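Here is the file work.txt (compact mmCIF, N, CA and C atoms).
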# COMPACT_ATOMS: atom_id res chain seq x y z
N ILE A 10 -49.25 -4.59 109.00
CA ILE A 10 -49.94 -5.85 109.24
C ILE A 10 -49.07 -7.02 108.78
N ASP A 11 -48.35 -6.87 107.67
CA ASP A 11 -47.49 -7.95 107.19
C ASP A 11 -46.37 -8.25 108.19
N ALA A 12 -45.79 -7.22 108.79
CA ALA A 12 -44.71 -7.42 109.75
C ALA A 12 -45.23 -8.14 111.00
N ILE A 13 -46.42 -7.76 111.44
CA ILE A 13 -47.02 -8.41 112.61
C ILE A 13 -47.34 -9.87 112.30
N GLY A 14 -47.84 -10.12 111.11
CA GLY A 14 -48.15 -11.49 110.69
C GLY A 14 -46.91 -12.35 110.62
N THR A 15 -45.80 -11.77 110.14
CA THR A 15 -44.54 -12.50 110.05
C THR A 15 -44.02 -12.84 111.44
N VAL A 16 -44.06 -11.85 112.35
CA VAL A 16 -43.61 -12.08 113.72
C VAL A 16 -44.49 -13.12 114.40
N TYR A 17 -45.79 -13.03 114.17
CA TYR A 17 -46.72 -13.99 114.73
C TYR A 17 -46.43 -15.40 114.21
N GLY A 18 -46.18 -15.53 112.92
CA GLY A 18 -45.87 -16.82 112.31
C GLY A 18 -44.59 -17.41 112.86
N ILE A 19 -43.57 -16.57 113.02
CA ILE A 19 -42.29 -17.03 113.57
C ILE A 19 -42.48 -17.48 115.02
N SER A 20 -43.28 -16.74 115.78
CA SER A 20 -43.53 -17.11 117.18
C SER A 20 -44.25 -18.45 117.27
N ILE A 21 -45.22 -18.66 116.42
CA ILE A 21 -45.95 -19.94 116.40
C ILE A 21 -45.00 -21.08 116.05
N LEU A 22 -44.15 -20.86 115.04
CA LEU A 22 -43.18 -21.87 114.63
C LEU A 22 -42.23 -22.20 115.78
N ALA A 23 -41.75 -21.18 116.48
CA ALA A 23 -40.85 -21.40 117.61
C ALA A 23 -41.55 -22.20 118.71
N LEU A 24 -42.80 -21.89 118.99
CA LEU A 24 -43.56 -22.64 120.00
C LEU A 24 -43.76 -24.10 119.60
N ILE A 25 -44.00 -24.33 118.32
CA ILE A 25 -44.16 -25.71 117.83
C ILE A 25 -42.86 -26.48 118.01
N ILE A 26 -41.74 -25.85 117.68
CA ILE A 26 -40.43 -26.50 117.83
C ILE A 26 -40.16 -26.82 119.29
N VAL A 27 -40.45 -25.89 120.19
CA VAL A 27 -40.26 -26.13 121.62
C VAL A 27 -41.15 -27.27 122.09
N PHE A 28 -42.39 -27.29 121.65
CA PHE A 28 -43.33 -28.35 122.04
C PHE A 28 -42.83 -29.72 121.57
N ILE A 29 -42.41 -29.81 120.32
CA ILE A 29 -41.91 -31.08 119.78
C ILE A 29 -40.67 -31.53 120.56
N THR A 30 -39.78 -30.60 120.86
CA THR A 30 -38.57 -30.92 121.61
C THR A 30 -38.93 -31.46 122.99
N LEU A 31 -39.85 -30.81 123.67
CA LEU A 31 -40.27 -31.26 125.00
C LEU A 31 -40.93 -32.64 124.95
N MET A 32 -41.66 -32.91 123.88
CA MET A 32 -42.30 -34.22 123.73
C MET A 32 -41.25 -35.31 123.47
N ALA A 33 -40.17 -34.97 122.80
CA ALA A 33 -39.14 -35.95 122.45
C ALA A 33 -38.17 -36.23 123.60
N LEU A 34 -38.06 -35.34 124.55
CA LEU A 34 -37.08 -35.49 125.63
C LEU A 34 -37.20 -36.81 126.40
N PRO A 35 -38.40 -37.23 126.84
CA PRO A 35 -38.47 -38.50 127.58
C PRO A 35 -37.98 -39.70 126.75
N VAL A 36 -38.33 -39.72 125.48
CA VAL A 36 -37.89 -40.82 124.60
C VAL A 36 -36.38 -40.79 124.45
N LEU A 37 -35.83 -39.61 124.21
CA LEU A 37 -34.38 -39.48 124.07
C LEU A 37 -33.66 -39.87 125.36
N HIS A 38 -34.21 -39.46 126.49
CA HIS A 38 -33.63 -39.80 127.79
C HIS A 38 -33.60 -41.31 127.99
N LYS A 39 -34.71 -41.97 127.64
CA LYS A 39 -34.79 -43.42 127.79
C LYS A 39 -33.72 -44.11 126.95
N HIS A 40 -33.60 -43.71 125.69
CA HIS A 40 -32.62 -44.35 124.80
C HIS A 40 -31.19 -44.06 125.24
N LEU A 41 -30.93 -42.85 125.69
CA LEU A 41 -29.59 -42.51 126.16
C LEU A 41 -29.24 -43.30 127.42
N SER A 42 -30.20 -43.44 128.31
CA SER A 42 -29.97 -44.23 129.54
C SER A 42 -29.65 -45.68 129.21
N LEU A 43 -30.40 -46.26 128.27
CA LEU A 43 -30.14 -47.64 127.87
C LEU A 43 -28.76 -47.77 127.23
N LEU A 44 -28.40 -46.81 126.41
CA LEU A 44 -27.10 -46.84 125.75
C LEU A 44 -25.98 -46.76 126.78
N LEU A 45 -26.09 -45.84 127.72
CA LEU A 45 -25.06 -45.71 128.74
C LEU A 45 -25.00 -46.94 129.63
N LYS A 46 -26.16 -47.49 129.97
CA LYS A 46 -26.19 -48.67 130.82
C LYS A 46 -25.52 -49.86 130.13
N SER A 47 -25.73 -49.99 128.82
CA SER A 47 -25.16 -51.14 128.11
C SER A 47 -23.68 -50.96 127.80
N HIS A 48 -23.14 -49.76 128.00
CA HIS A 48 -21.73 -49.52 127.72
C HIS A 48 -20.94 -49.14 128.97
N ILE A 49 -21.49 -49.42 130.14
CA ILE A 49 -20.81 -49.08 131.39
C ILE A 49 -19.46 -49.78 131.49
N PHE A 50 -19.35 -50.96 130.88
CA PHE A 50 -18.10 -51.71 130.94
C PHE A 50 -16.96 -50.95 130.29
N LEU A 51 -17.26 -50.09 129.33
CA LEU A 51 -16.19 -49.35 128.66
C LEU A 51 -15.45 -48.46 129.65
N SER A 52 -16.19 -47.77 130.50
CA SER A 52 -15.53 -46.90 131.46
C SER A 52 -14.77 -47.73 132.49
N ASN A 53 -15.32 -48.87 132.87
CA ASN A 53 -14.63 -49.73 133.84
C ASN A 53 -13.30 -50.22 133.32
N LEU A 54 -13.27 -50.72 132.11
CA LEU A 54 -12.03 -51.27 131.57
C LEU A 54 -11.00 -50.17 131.34
N HIS A 55 -11.43 -49.05 130.81
CA HIS A 55 -10.49 -47.98 130.51
C HIS A 55 -9.94 -47.29 131.75
N GLU A 56 -10.65 -47.42 132.88
CA GLU A 56 -10.16 -46.85 134.12
C GLU A 56 -9.09 -47.73 134.77
N MET A 57 -8.99 -48.97 134.32
CA MET A 57 -8.02 -49.89 134.90
C MET A 57 -6.63 -49.62 134.33
N ALA A 58 -5.64 -49.96 135.13
CA ALA A 58 -4.26 -49.91 134.64
C ALA A 58 -4.11 -50.97 133.55
N PRO A 59 -3.19 -50.76 132.61
CA PRO A 59 -3.01 -51.75 131.53
C PRO A 59 -2.80 -53.18 132.03
N ALA A 60 -2.04 -53.34 133.10
CA ALA A 60 -1.81 -54.69 133.64
C ALA A 60 -3.12 -55.30 134.13
N ARG A 61 -3.97 -54.48 134.73
CA ARG A 61 -5.27 -54.96 135.22
C ARG A 61 -6.18 -55.32 134.05
N GLN A 62 -6.11 -54.56 132.95
CA GLN A 62 -6.89 -54.88 131.75
C GLN A 62 -6.51 -56.27 131.24
N VAL A 63 -5.22 -56.51 131.16
CA VAL A 63 -4.73 -57.82 130.69
C VAL A 63 -5.20 -58.92 131.63
N GLN A 64 -5.11 -58.66 132.94
CA GLN A 64 -5.54 -59.65 133.93
C GLN A 64 -7.03 -59.95 133.78
N THR A 65 -7.82 -58.92 133.55
CA THR A 65 -9.26 -59.10 133.38
C THR A 65 -9.55 -59.99 132.18
N ILE A 66 -8.89 -59.71 131.08
CA ILE A 66 -9.09 -60.51 129.87
C ILE A 66 -8.61 -61.94 130.12
N ASP A 67 -7.48 -62.09 130.79
CA ASP A 67 -6.96 -63.43 131.12
C ASP A 67 -7.94 -64.20 132.01
N ASN A 68 -8.59 -63.50 132.94
CA ASN A 68 -9.58 -64.16 133.81
C ASN A 68 -10.72 -64.74 132.99
N ILE A 69 -11.13 -63.99 131.99
CA ILE A 69 -12.22 -64.46 131.13
C ILE A 69 -11.79 -65.71 130.37
N ILE A 70 -10.57 -65.68 129.85
CA ILE A 70 -10.05 -66.85 129.13
C ILE A 70 -9.99 -68.05 130.05
N MET A 71 -9.62 -67.81 131.30
CA MET A 71 -9.48 -68.90 132.28
C MET A 71 -10.83 -69.52 132.64
N LEU A 72 -11.91 -68.87 132.27
CA LEU A 72 -13.21 -69.47 132.55
C LEU A 72 -13.34 -70.82 131.83
N GLY A 73 -12.55 -71.00 130.79
CA GLY A 73 -12.49 -72.29 130.12
C GLY A 73 -13.63 -72.61 129.19
N LYS A 74 -14.58 -71.72 129.08
CA LYS A 74 -15.73 -71.98 128.23
C LYS A 74 -15.48 -71.54 126.78
N LEU A 75 -14.51 -70.70 126.59
CA LEU A 75 -14.34 -70.07 125.28
C LEU A 75 -13.16 -70.65 124.52
N THR A 76 -13.30 -70.67 123.20
CA THR A 76 -12.15 -71.01 122.37
C THR A 76 -11.20 -69.82 122.39
N GLN A 77 -10.01 -70.02 121.87
CA GLN A 77 -9.04 -68.93 121.82
C GLN A 77 -9.60 -67.75 121.03
N ARG A 78 -10.23 -68.03 119.89
CA ARG A 78 -10.79 -66.96 119.05
C ARG A 78 -11.91 -66.23 119.78
N GLU A 79 -12.79 -66.97 120.45
CA GLU A 79 -13.86 -66.35 121.22
C GLU A 79 -13.29 -65.49 122.34
N SER A 80 -12.23 -65.96 122.95
CA SER A 80 -11.57 -65.18 124.00
C SER A 80 -11.02 -63.88 123.45
N GLU A 81 -10.42 -63.94 122.27
CA GLU A 81 -9.91 -62.72 121.63
C GLU A 81 -11.04 -61.74 121.37
N ILE A 82 -12.17 -62.27 120.91
CA ILE A 82 -13.31 -61.41 120.59
C ILE A 82 -13.88 -60.78 121.86
N VAL A 83 -14.01 -61.55 122.94
CA VAL A 83 -14.49 -60.98 124.21
C VAL A 83 -13.55 -59.89 124.68
N GLY A 84 -12.25 -60.13 124.57
CA GLY A 84 -11.27 -59.11 124.96
C GLY A 84 -11.45 -57.83 124.18
N LEU A 85 -11.71 -57.96 122.89
CA LEU A 85 -11.91 -56.76 122.05
C LEU A 85 -13.24 -56.09 122.36
N LEU A 86 -14.28 -56.88 122.65
CA LEU A 86 -15.55 -56.30 123.08
C LEU A 86 -15.37 -55.49 124.35
N LEU A 87 -14.60 -56.04 125.29
CA LEU A 87 -14.34 -55.34 126.55
C LEU A 87 -13.60 -54.03 126.33
N LYS A 88 -12.83 -53.97 125.27
CA LYS A 88 -12.11 -52.74 124.94
C LYS A 88 -12.98 -51.77 124.16
N GLY A 89 -14.25 -52.14 123.92
CA GLY A 89 -15.18 -51.24 123.27
C GLY A 89 -15.19 -51.31 121.76
N ARG A 90 -14.59 -52.34 121.19
CA ARG A 90 -14.55 -52.47 119.73
C ARG A 90 -15.92 -52.87 119.19
N THR A 91 -16.24 -52.37 118.01
CA THR A 91 -17.46 -52.77 117.31
C THR A 91 -17.19 -54.08 116.58
N TYR A 92 -18.25 -54.72 116.10
CA TYR A 92 -18.09 -55.95 115.33
C TYR A 92 -17.20 -55.70 114.11
N LYS A 93 -17.43 -54.59 113.45
CA LYS A 93 -16.64 -54.28 112.26
C LYS A 93 -15.17 -54.09 112.61
N MET A 94 -14.90 -53.39 113.70
CA MET A 94 -13.52 -53.18 114.14
C MET A 94 -12.85 -54.50 114.49
N ILE A 95 -13.61 -55.38 115.16
CA ILE A 95 -13.07 -56.69 115.52
C ILE A 95 -12.75 -57.48 114.26
N ALA A 96 -13.67 -57.46 113.31
CA ALA A 96 -13.45 -58.18 112.05
C ALA A 96 -12.18 -57.70 111.37
N ASN A 97 -12.00 -56.39 111.30
CA ASN A 97 -10.80 -55.84 110.67
C ASN A 97 -9.54 -56.21 111.43
N GLU A 98 -9.60 -56.14 112.75
CA GLU A 98 -8.43 -56.42 113.57
C GLU A 98 -8.00 -57.89 113.51
N LEU A 99 -8.98 -58.79 113.39
CA LEU A 99 -8.68 -60.22 113.38
C LEU A 99 -8.68 -60.81 111.97
N TYR A 100 -8.85 -59.96 110.98
CA TYR A 100 -8.88 -60.40 109.57
C TYR A 100 -9.97 -61.44 109.34
N LEU A 101 -11.16 -61.14 109.86
CA LEU A 101 -12.33 -62.00 109.69
C LEU A 101 -13.43 -61.21 109.01
N SER A 102 -14.43 -61.92 108.51
CA SER A 102 -15.61 -61.21 108.01
C SER A 102 -16.46 -60.81 109.22
N GLU A 103 -17.28 -59.80 109.02
CA GLU A 103 -18.15 -59.36 110.11
C GLU A 103 -19.13 -60.47 110.49
N ASN A 104 -19.58 -61.25 109.50
CA ASN A 104 -20.50 -62.36 109.78
C ASN A 104 -19.83 -63.43 110.64
N THR A 105 -18.54 -63.68 110.42
CA THR A 105 -17.81 -64.65 111.24
C THR A 105 -17.73 -64.16 112.68
N VAL A 106 -17.48 -62.87 112.85
CA VAL A 106 -17.45 -62.29 114.20
C VAL A 106 -18.81 -62.46 114.86
N LYS A 107 -19.88 -62.18 114.11
CA LYS A 107 -21.23 -62.33 114.67
C LYS A 107 -21.51 -63.77 115.08
N THR A 108 -21.02 -64.73 114.29
CA THR A 108 -21.19 -66.14 114.64
C THR A 108 -20.46 -66.47 115.94
N HIS A 109 -19.24 -65.98 116.06
CA HIS A 109 -18.48 -66.20 117.31
C HIS A 109 -19.22 -65.58 118.49
N ILE A 110 -19.76 -64.39 118.29
CA ILE A 110 -20.46 -63.70 119.38
C ILE A 110 -21.72 -64.47 119.77
N LYS A 111 -22.44 -65.01 118.79
CA LYS A 111 -23.61 -65.85 119.10
C LYS A 111 -23.19 -67.06 119.94
N ASN A 112 -22.06 -67.66 119.59
CA ASN A 112 -21.55 -68.80 120.37
C ASN A 112 -21.18 -68.38 121.79
N ILE A 113 -20.56 -67.21 121.91
CA ILE A 113 -20.20 -66.69 123.24
C ILE A 113 -21.45 -66.48 124.08
N TYR A 114 -22.46 -65.84 123.49
CA TYR A 114 -23.72 -65.60 124.21
C TYR A 114 -24.33 -66.93 124.64
N SER A 115 -24.30 -67.91 123.76
CA SER A 115 -24.87 -69.22 124.07
C SER A 115 -24.13 -69.87 125.24
N LYS A 116 -22.82 -69.80 125.22
CA LYS A 116 -22.02 -70.42 126.29
C LYS A 116 -22.26 -69.76 127.64
N PHE A 117 -22.51 -68.45 127.62
CA PHE A 117 -22.76 -67.73 128.87
C PHE A 117 -24.26 -67.60 129.17
N GLN A 118 -25.09 -68.14 128.28
CA GLN A 118 -26.54 -68.08 128.42
C GLN A 118 -27.05 -66.65 128.58
N VAL A 119 -26.59 -65.78 127.68
CA VAL A 119 -27.05 -64.39 127.64
C VAL A 119 -27.57 -64.09 126.24
N GLN A 120 -28.27 -62.98 126.11
CA GLN A 120 -28.88 -62.61 124.84
C GLN A 120 -28.26 -61.36 124.20
N SER A 121 -27.44 -60.64 124.96
CA SER A 121 -26.91 -59.37 124.43
C SER A 121 -25.55 -59.05 125.05
N LYS A 122 -24.90 -58.07 124.44
CA LYS A 122 -23.60 -57.63 124.94
C LYS A 122 -23.74 -57.07 126.35
N SER A 123 -24.80 -56.32 126.59
CA SER A 123 -24.97 -55.74 127.93
C SER A 123 -25.17 -56.83 128.98
N GLU A 124 -25.90 -57.90 128.64
CA GLU A 124 -26.06 -59.01 129.58
C GLU A 124 -24.73 -59.71 129.84
N LEU A 125 -23.93 -59.87 128.80
CA LEU A 125 -22.61 -60.49 128.95
C LEU A 125 -21.74 -59.66 129.88
N MET A 126 -21.72 -58.35 129.66
CA MET A 126 -20.89 -57.47 130.49
C MET A 126 -21.38 -57.46 131.93
N GLU A 127 -22.70 -57.47 132.11
CA GLU A 127 -23.26 -57.51 133.47
C GLU A 127 -22.85 -58.80 134.18
N LEU A 128 -22.90 -59.92 133.47
CA LEU A 128 -22.50 -61.20 134.04
C LEU A 128 -21.03 -61.19 134.42
N LEU A 129 -20.19 -60.66 133.55
CA LEU A 129 -18.76 -60.60 133.84
C LEU A 129 -18.47 -59.68 135.02
N MET A 130 -19.24 -58.59 135.14
CA MET A 130 -19.08 -57.68 136.28
C MET A 130 -19.45 -58.40 137.58
N LYS A 131 -20.54 -59.16 137.55
CA LYS A 131 -20.98 -59.89 138.74
C LYS A 131 -19.95 -60.92 139.17
N ARG A 132 -19.27 -61.51 138.19
CA ARG A 132 -18.26 -62.53 138.49
C ARG A 132 -16.91 -61.92 138.83
N GLY A 133 -16.84 -60.59 138.81
CA GLY A 133 -15.61 -59.92 139.19
C GLY A 133 -14.57 -59.83 138.10
N HIS A 134 -14.99 -59.98 136.86
CA HIS A 134 -14.04 -59.92 135.75
C HIS A 134 -13.91 -58.51 135.18
N LEU A 135 -14.73 -57.59 135.65
CA LEU A 135 -14.63 -56.19 135.19
C LEU A 135 -14.47 -55.30 136.39

Translate the structure described by the file into structure tokens.
Amino acid sequence: IDAIGTVYGISILALIIVFITLMALPVLHKHLSLLLKSHIFLSNLHEMAPARQVQTIDNIIMLGKLTQRESEIVGLLLKGRTYKMIANELYLSENTVKTHIKNIYSKFQVQSKSELMELLMKRGHL
């Protein structure tokens, strides 16, 4: 009876785990889809030849709305850098990078990195 009870308990535990996993799948799918959608620019930039990457970044600078520092930050965002990586690369604090990014969003009238990338894609910069 003890062996049957143990097997029964393990079976119930396995069913609970499967049930929880199945319940979590739609939520996980939604978050993964949003993540991939907001980072689509990474695959676009990395698929370009190095000369095309430089041209793309130069096109953004030529928009004339950004300061030189903001242009550098957009270029690094396009290369998939995080705020922390950008701060380290440009010898800035992470808060300074965030301030520049807020200014960039304001100039382009967007609210997020994914909106910025979508706008640049529509304008043919990616």

For a test of reading the model, state the distance in Å between CA of Leu125 (chain A) and CA of Glu98 (chain A), rounded to one decimal.
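CA of Glu98 (chain A) lies 21.3 Å from CA of Leu125 (chain A).
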
A:Glu79, A:Lys88, A:Leu99, A:Met130: which is nearest Lys111 (chain A), counting only C-alpha atoms?
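The closest residue to Lys111 (chain A) is A:Glu79.
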
Determine the nearest neighbour of Leu85 (chain A) from the options A:Asn104, A:His40, A:Val27, A:Val63, counting only C-alpha atoms.
A:Val63

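Closest to Leu86 (chain A) among A:Gly18, A:Met32, A:Ile110, A:Glu124 is A:Ile110, based on only C-alpha atoms.
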